[in-house]
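Chemist: Contents of final-v2.cif (mmCIF, C-alpha atoms) are below:
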data_model
#
loop_
_atom_site.group_PDB
_atom_site.id
_atom_site.type_symbol
_atom_site.label_atom_id
_atom_site.label_comp_id
_atom_site.auth_asym_id
_atom_site.auth_seq_id
_atom_site.Cartn_x
_atom_site.Cartn_y
_atom_site.Cartn_z
ATOM 1 C CA MET U 27 -0.326 -5.862 109.805
ATOM 2 C CA PHE U 28 -3.469 -3.742 109.748
ATOM 3 C CA ILE U 29 -4.108 -0.991 107.257
ATOM 4 C CA LEU U 30 -6.158 1.858 108.602
ATOM 5 C CA LEU U 31 -8.467 3.315 106.007
ATOM 6 C CA ASP U 32 -9.881 6.740 106.686
ATOM 7 C CA ASP U 33 -11.748 6.889 103.388
ATOM 8 C CA TYR U 34 -15.057 5.053 103.712
ATOM 9 C CA THR U 35 -18.140 4.976 101.519
ATOM 10 C CA CYS U 36 -21.261 3.952 103.420
ATOM 11 C CA GLY U 37 -19.199 2.231 106.095
ATOM 12 C CA ILE U 38 -17.304 0.205 103.482
ATOM 13 C CA PRO U 39 -13.747 1.060 102.454
ATOM 14 C CA THR U 40 -13.744 3.082 99.236
ATOM 15 C CA GLU U 41 -11.338 0.619 97.610
ATOM 16 C CA ILE U 42 -13.942 -2.132 97.901
ATOM 17 C CA THR U 43 -16.791 -0.005 96.546
ATOM 18 C CA ASN U 44 -14.618 1.132 93.643
ATOM 19 C CA THR U 45 -13.736 -2.491 92.866
ATOM 20 C CA ILE U 46 -17.399 -3.540 92.901
ATOM 21 C CA GLY U 47 -18.281 -0.683 90.553
ATOM 22 C CA ALA U 48 -15.415 -1.557 88.209
ATOM 23 C CA VAL U 49 -16.428 -5.234 88.081
ATOM 24 C CA TYR U 50 -20.008 -4.188 87.323
ATOM 25 C CA ASN U 51 -18.901 -1.982 84.418
ATOM 26 C CA ILE U 52 -16.552 -4.665 83.076
ATOM 27 C CA LEU U 53 -19.365 -7.246 83.127
ATOM 28 C CA LEU U 54 -21.629 -4.945 81.136
ATOM 29 C CA ILE U 55 -19.014 -4.807 78.385
ATOM 30 C CA ALA U 56 -17.386 -8.237 78.617
ATOM 31 C CA VAL U 57 -20.438 -10.530 78.698
ATOM 32 C CA PRO U 58 -21.722 -9.680 75.187
ATOM 33 C CA ILE U 59 -18.192 -9.807 73.747
ATOM 34 C CA ILE U 60 -17.521 -13.216 75.308
ATOM 35 C CA VAL U 61 -20.834 -14.636 74.062
ATOM 36 C CA VAL U 62 -20.126 -13.483 70.504
ATOM 37 C CA LEU U 63 -16.526 -14.727 70.507
ATOM 38 C CA PHE U 64 -17.421 -18.185 71.815
ATOM 39 C CA GLY U 65 -20.276 -18.371 69.307
ATOM 40 C CA ILE U 66 -17.947 -17.538 66.430
ATOM 41 C CA ILE U 67 -15.416 -20.114 67.604
ATOM 42 C CA ASP U 68 -18.089 -22.822 67.915
ATOM 43 C CA PHE U 69 -19.568 -22.113 64.487
ATOM 44 C CA VAL U 70 -16.164 -22.017 62.790
ATOM 45 C CA LYS U 71 -15.279 -25.393 64.337
ATOM 46 C CA ALA U 72 -18.609 -26.824 63.205
ATOM 47 C CA ALA U 73 -18.220 -25.422 59.694
ATOM 48 C CA ILE U 74 -14.732 -26.850 59.368
ATOM 49 C CA SER U 75 -15.850 -30.304 60.523
ATOM 50 C CA GLY U 76 -18.750 -30.220 58.058
ATOM 51 C CA LYS U 77 -20.902 -32.492 60.202
ATOM 52 C CA GLU U 78 -24.547 -31.547 60.415
ATOM 53 C CA ASP U 79 -24.854 -32.956 63.937
ATOM 54 C CA GLU U 80 -22.005 -30.718 65.125
ATOM 55 C CA ILE U 81 -23.670 -27.667 63.601
ATOM 56 C CA LYS U 82 -26.980 -28.453 65.364
ATOM 57 C CA LYS U 83 -25.179 -29.088 68.654
ATOM 58 C CA ASN U 84 -23.227 -25.825 68.405
ATOM 59 C CA THR U 85 -26.391 -23.924 67.480
ATOM 60 C CA SER U 86 -28.144 -25.099 70.643
ATOM 61 C CA THR U 87 -25.022 -24.325 72.687
ATOM 62 C CA PHE U 88 -24.876 -20.836 71.193
ATOM 63 C CA ILE U 89 -28.550 -20.212 71.973
ATOM 64 C CA LYS U 90 -27.968 -21.282 75.595
ATOM 65 C CA ARG U 91 -24.987 -18.924 75.830
ATOM 66 C CA VAL U 92 -27.006 -16.032 74.397
ATOM 67 C CA ILE U 93 -29.795 -16.647 76.904
ATOM 68 C CA THR U 94 -27.283 -16.818 79.762
ATOM 69 C CA GLY U 95 -25.589 -13.626 78.568
ATOM 70 C CA LEU U 96 -28.932 -11.859 78.322
ATOM 71 C CA LEU U 97 -29.871 -12.980 81.820
ATOM 72 C CA VAL U 98 -26.607 -11.621 83.229
ATOM 73 C CA PHE U 99 -27.038 -8.371 81.337
ATOM 74 C CA PHE U 100 -30.672 -7.917 82.321
ATOM 75 C CA VAL U 101 -30.062 -8.779 85.972
ATOM 76 C CA LEU U 102 -27.484 -5.994 86.107
ATOM 77 C CA ALA U 103 -29.844 -3.643 84.258
ATOM 78 C CA VAL U 104 -32.735 -4.491 86.597
ATOM 79 C CA VAL U 105 -30.522 -3.750 89.606
ATOM 80 C CA LYS U 106 -29.790 -0.292 88.189
ATOM 81 C CA LEU U 107 -33.486 0.240 87.402
ATOM 82 C CA ILE U 108 -34.475 -0.677 90.947
ATOM 83 C CA ILE U 109 -31.854 1.728 92.268
ATOM 84 C CA ASN U 110 -33.305 4.505 90.109
ATOM 85 C CA VAL U 111 -36.856 3.772 91.295
ATOM 86 C CA ILE U 112 -35.837 3.616 94.949
ATOM 87 C CA GLN U 113 -33.779 6.754 94.540
ATOM 88 C CA THR U 114 -36.920 8.837 93.962
ATOM 89 C CA ASN U 115 -38.204 7.761 97.387
ATOM 90 C CA ASN U 116 -34.891 8.070 99.194
ATOM 91 C CA THR U 117 -35.704 7.893 102.884
ATOM 92 C CA ASN U 118 -32.281 6.749 104.017
ATOM 93 C CA GLY U 119 -28.737 6.631 102.750
ATOM 94 C CA VAL U 120 -28.952 3.169 101.178
ATOM 95 C CA THR U 121 -29.619 4.449 97.681
ATOM 96 C CA ASP U 122 -26.845 6.998 98.057
ATOM 97 C CA CYS U 123 -24.484 4.141 98.845
ATOM 98 C CA LEU U 124 -25.686 2.074 95.902
ATOM 99 C CA THR U 125 -25.420 4.976 93.479
ATOM 100 C CA THR U 126 -21.901 5.604 94.692
ATOM 101 C CA ILE U 127 -20.934 1.960 94.189
ATOM 102 C CA PHE U 128 -22.573 1.481 90.785
ATOM 103 C CA GLY U 129 -21.691 4.898 89.449
ATOM 104 C CA ASN U 130 -25.294 5.920 88.835
ATOM 105 C CA LYS U 131 -25.068 9.692 88.475
ATOM 106 C CA THR U 132 -28.666 10.419 87.432
ATOM 107 C CA ASP U 133 -29.579 12.199 90.664
ATOM 108 C CA SER U 134 -31.079 15.537 89.646
ATOM 109 C CA THR U 135 -30.556 17.165 93.057
ATOM 110 C CA ASP U 136 -26.840 17.651 92.343
ATOM 111 C CA SER U 137 -27.518 19.668 89.197
ATOM 112 C CA LYS U 138 -30.155 21.784 90.989
ATOM 113 C CA ASP U 139 -27.700 22.617 93.754
ATOM 114 C CA ILE U 140 -25.113 23.745 91.232
ATOM 115 C CA GLU U 141 -27.556 25.990 89.375
ATOM 116 C CA GLU U 142 -28.750 27.794 92.517
#
Once you've parsed the file, please lay out its structure as C-alpha coordinates.

Modeler:
Amino acid sequence: MFILLDDYTCGIPTEITNTIGAVYNILLIAVPIIVVLFGIIDFVKAAISGKEDEIKKNTSTFIKRVITGLLVFFVLAVVKLIINVIQTNNTNGVTDCLTTIFGNKTDSTDSKDIEE
(Lines of atoms letter the chains of each structure in order from A and count residues from 1; the text may use other names and numbers.)
(Lines give C-alpha, C1' and ligand atoms only; values in the text may rest on other atoms or scores of the structure.)
Protein backbone atom coordinates (compact mmCIF):
# COMPACT_ATOMS: atom_id res chain seq x y z
CA MET A 1 0.00 0.00 0.00
CA PHE A 2 1.42 3.36 -1.02
CA ILE A 3 0.69 6.59 0.78
CA LEU A 4 0.65 9.62 -1.44
CA LEU A 5 2.02 12.68 0.27
CA ASP A 6 1.22 16.02 -1.26
CA ASP A 7 3.03 17.97 1.45
CA TYR A 8 6.74 18.09 0.66
CA THR A 9 9.56 20.19 2.06
CA CYS A 10 12.50 20.47 -0.32
CA GLY A 11 11.47 17.30 -2.13
CA ILE A 12 11.31 15.36 1.14
CA PRO A 13 8.01 14.49 2.82
CA THR A 14 7.23 16.98 5.58
CA GLU A 15 6.79 14.16 8.09
CA ILE A 16 10.43 13.18 7.65
CA THR A 17 11.74 16.74 7.95
CA ASN A 18 9.63 17.31 11.05
CA THR A 19 11.00 14.10 12.59
CA ILE A 20 14.60 15.12 11.87
CA GLY A 21 13.99 18.52 13.46
CA ALA A 22 12.36 16.94 16.51
CA VAL A 23 15.25 14.50 16.99
CA TYR A 24 17.71 17.40 16.72
CA ASN A 25 15.88 19.39 19.41
CA ILE A 26 15.57 16.34 21.67
CA LEU A 27 19.32 15.67 21.38
CA LEU A 28 20.12 19.24 22.40
CA ILE A 29 18.19 18.72 25.62
CA ALA A 30 18.72 15.02 26.33
CA VAL A 31 22.50 14.70 25.91
CA PRO A 32 23.47 16.98 28.84
CA ILE A 33 20.78 15.43 31.06
CA ILE A 34 21.95 11.90 30.27
CA VAL A 35 25.61 12.77 30.93
CA VAL A 36 24.76 14.28 34.32
CA LEU A 37 22.48 11.41 35.35
CA PHE A 38 25.00 8.70 34.45
CA GLY A 39 27.73 10.68 36.22
CA ILE A 40 25.65 10.91 39.38
CA ILE A 41 24.87 7.20 39.26
CA ASP A 42 28.54 6.29 38.78
CA PHE A 43 29.74 8.53 41.61
CA VAL A 44 27.06 7.29 44.01
CA LYS A 45 28.04 3.68 43.28
CA ALA A 46 31.70 4.52 43.82
CA ALA A 47 30.98 6.39 47.05
CA ILE A 48 28.93 3.51 48.40
CA SER A 49 31.64 0.96 47.59
CA GLY A 50 34.25 3.17 49.27
CA LYS A 51 37.06 1.87 47.08
CA GLU A 52 39.52 4.46 45.87
CA ASP A 53 40.18 2.55 42.65
CA GLU A 54 36.46 2.59 41.81
CA ILE A 55 36.30 6.34 42.40
CA LYS A 56 39.28 6.94 40.06
CA LYS A 57 37.79 4.63 37.43
CA ASN A 58 34.40 6.36 37.59
CA THR A 59 36.05 9.78 37.44
CA SER A 60 37.81 8.90 34.19
CA THR A 61 34.59 7.38 32.83
CA PHE A 62 32.69 10.55 33.73
CA ILE A 63 35.29 12.75 32.03
CA LYS A 64 35.02 10.62 28.86
CA ARG A 65 31.22 10.95 28.95
CA VAL A 66 31.44 14.73 29.39
CA ILE A 67 33.81 15.00 26.44
CA THR A 68 31.53 12.82 24.31
CA GLY A 69 28.49 14.87 25.33
CA LEU A 70 30.29 18.10 24.51
CA LEU A 71 31.31 16.75 21.12
CA VAL A 72 27.71 15.81 20.30
CA PHE A 73 26.47 19.18 21.50
CA PHE A 74 29.11 21.16 19.63
CA VAL A 75 28.69 19.19 16.41
CA LEU A 76 25.01 20.10 16.43
CA ALA A 77 25.84 23.72 17.28
CA VAL A 78 28.45 23.90 14.50
CA VAL A 79 25.89 22.58 12.01
CA LYS A 80 23.52 25.39 12.98
CA LEU A 81 26.36 27.94 12.79
CA ILE A 82 27.30 26.77 9.31
CA ILE A 83 23.66 27.04 8.27
CA ASN A 84 23.55 30.61 9.55
CA VAL A 85 26.76 31.54 7.71
CA ILE A 86 25.61 29.93 4.46
CA GLN A 87 22.22 31.53 4.83
CA THR A 88 23.71 35.00 4.32
CA ASN A 89 25.00 33.89 0.91
CA ASN A 90 21.91 31.96 -0.10
CA THR A 91 22.28 31.27 -3.80
CA ASN A 92 19.97 28.28 -3.91
CA GLY A 93 17.25 26.68 -1.85
CA VAL A 94 19.52 24.38 0.16
CA THR A 95 19.73 26.69 3.16
CA ASP A 96 15.99 27.24 3.03
CA CYS A 97 15.54 23.48 3.28
CA LEU A 98 17.99 23.19 6.16
CA THR A 99 16.42 26.05 8.08
CA THR A 100 13.04 24.43 7.63
CA ILE A 101 14.32 21.09 8.93
CA PHE A 102 16.30 22.44 11.89
CA GLY A 103 13.82 25.12 12.82
CA ASN A 104 16.29 27.97 12.41
CA LYS A 105 14.05 31.03 12.20
CA THR A 106 16.72 33.75 12.25
CA ASP A 107 16.14 34.83 8.65
CA SER A 108 15.64 38.59 8.74
CA THR A 109 13.94 38.76 5.33
CA ASP A 110 10.68 37.42 6.80
CA SER A 111 10.45 40.24 9.33
CA LYS A 112 11.26 42.86 6.66
CA ASP A 113 8.48 41.55 4.45
CA ILE A 114 5.99 41.80 7.29
CA GLU A 115 6.95 45.37 8.14
CA GLU A 116 6.60 46.64 4.56

Chemist: What is the CA of Ala103 in chain U-CA of Ile59 in chain U distance in Å, reported with one decimal?

Modeler: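 These two atoms are separated by 16.9 Å.
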
Chemist: Could you write out as JSON the box around range 93-100 of chain U (axis-aligned, all atoms listed in the file, 6 Å on each side), with centre and edge lengths in Å to one decimal?

Modeler:
{"center_x": -28.1, "center_y": -12.4, "center_z": 80.1, "size_x": 17.1, "size_y": 20.9, "size_z": 18.3}

Chemist: Give the answer as one residue: which of U:Asp68, U:Thr125, U:Leu102, U:Leu63 has the shortest atom-to-atom distance to Val49 in chain U, using only C-alpha atoms?

Modeler: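 Looking at the shortest contact to Val49 in chain U, the residue is U:Leu102.
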
Chemist: List the residues selected by the PyMOL selection byres ((chain U and resi 83-89) around 10) in the file shown, writing them as a PyMOL selection string.

Modeler: chain U and resi 61-62+64-72+78-82+90-95

Chemist: Since we have the selection now, will you write its residues out, keeping C-alpha atoms, as a short mmCIF file (atom, residue, chain, number, x, y, z; two decimals), in the coordinates of the input?

Modeler:
data_model
loop_
_atom_site.label_atom_id
_atom_site.label_comp_id
_atom_site.auth_asym_id
_atom_site.auth_seq_id
_atom_site.Cartn_x
_atom_site.Cartn_y
_atom_site.Cartn_z
CA VAL U 61 -20.83 -14.64 74.06
CA VAL U 62 -20.13 -13.48 70.50
CA PHE U 64 -17.42 -18.18 71.82
CA GLY U 65 -20.28 -18.37 69.31
CA ILE U 66 -17.95 -17.54 66.43
CA ILE U 67 -15.42 -20.11 67.60
CA ASP U 68 -18.09 -22.82 67.92
CA PHE U 69 -19.57 -22.11 64.49
CA VAL U 70 -16.16 -22.02 62.79
CA LYS U 71 -15.28 -25.39 64.34
CA ALA U 72 -18.61 -26.82 63.20
CA GLU U 78 -24.55 -31.55 60.42
CA ASP U 79 -24.85 -32.96 63.94
CA GLU U 80 -22.00 -30.72 65.12
CA ILE U 81 -23.67 -27.67 63.60
CA LYS U 82 -26.98 -28.45 65.36
CA LYS U 90 -27.97 -21.28 75.60
CA ARG U 91 -24.99 -18.92 75.83
CA VAL U 92 -27.01 -16.03 74.40
CA ILE U 93 -29.80 -16.65 76.90
CA THR U 94 -27.28 -16.82 79.76
CA GLY U 95 -25.59 -13.63 78.57
#

Chemist: Hey, can you check how far CA of Thr126 in chain U sits from CA of Ile60 in chain U?

Modeler: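 Taking CA of Thr126 in chain U and CA of Ile60 in chain U, their separation equals 27.4 Å.
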
Chemist: When you count only C-alpha atoms, which of these residues is closest to Leu124 in chain U: U:Gly47, U:Pro58, U:Pro39, U:Gly76?

Modeler: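 Going through U:Gly47, U:Pro58, U:Pro39, U:Gly76 one by one, the smallest distance to Leu124 in chain U is for U:Gly47.
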
Chemist: Hey, can you check how far CA of Phe128 in chain U sits from CA of Gly37 in chain U?

Modeler: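 That distance, rounded to one decimal, is 15.7 Å.
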
Chemist: Could you expand the PyMOL selection byres ((chain U and resi 51) around 12) into the explicit residues it covers here, written as a PyMOL selection string?

Modeler: chain U and resi 44-50+52-57+99+102-103+106+127-130
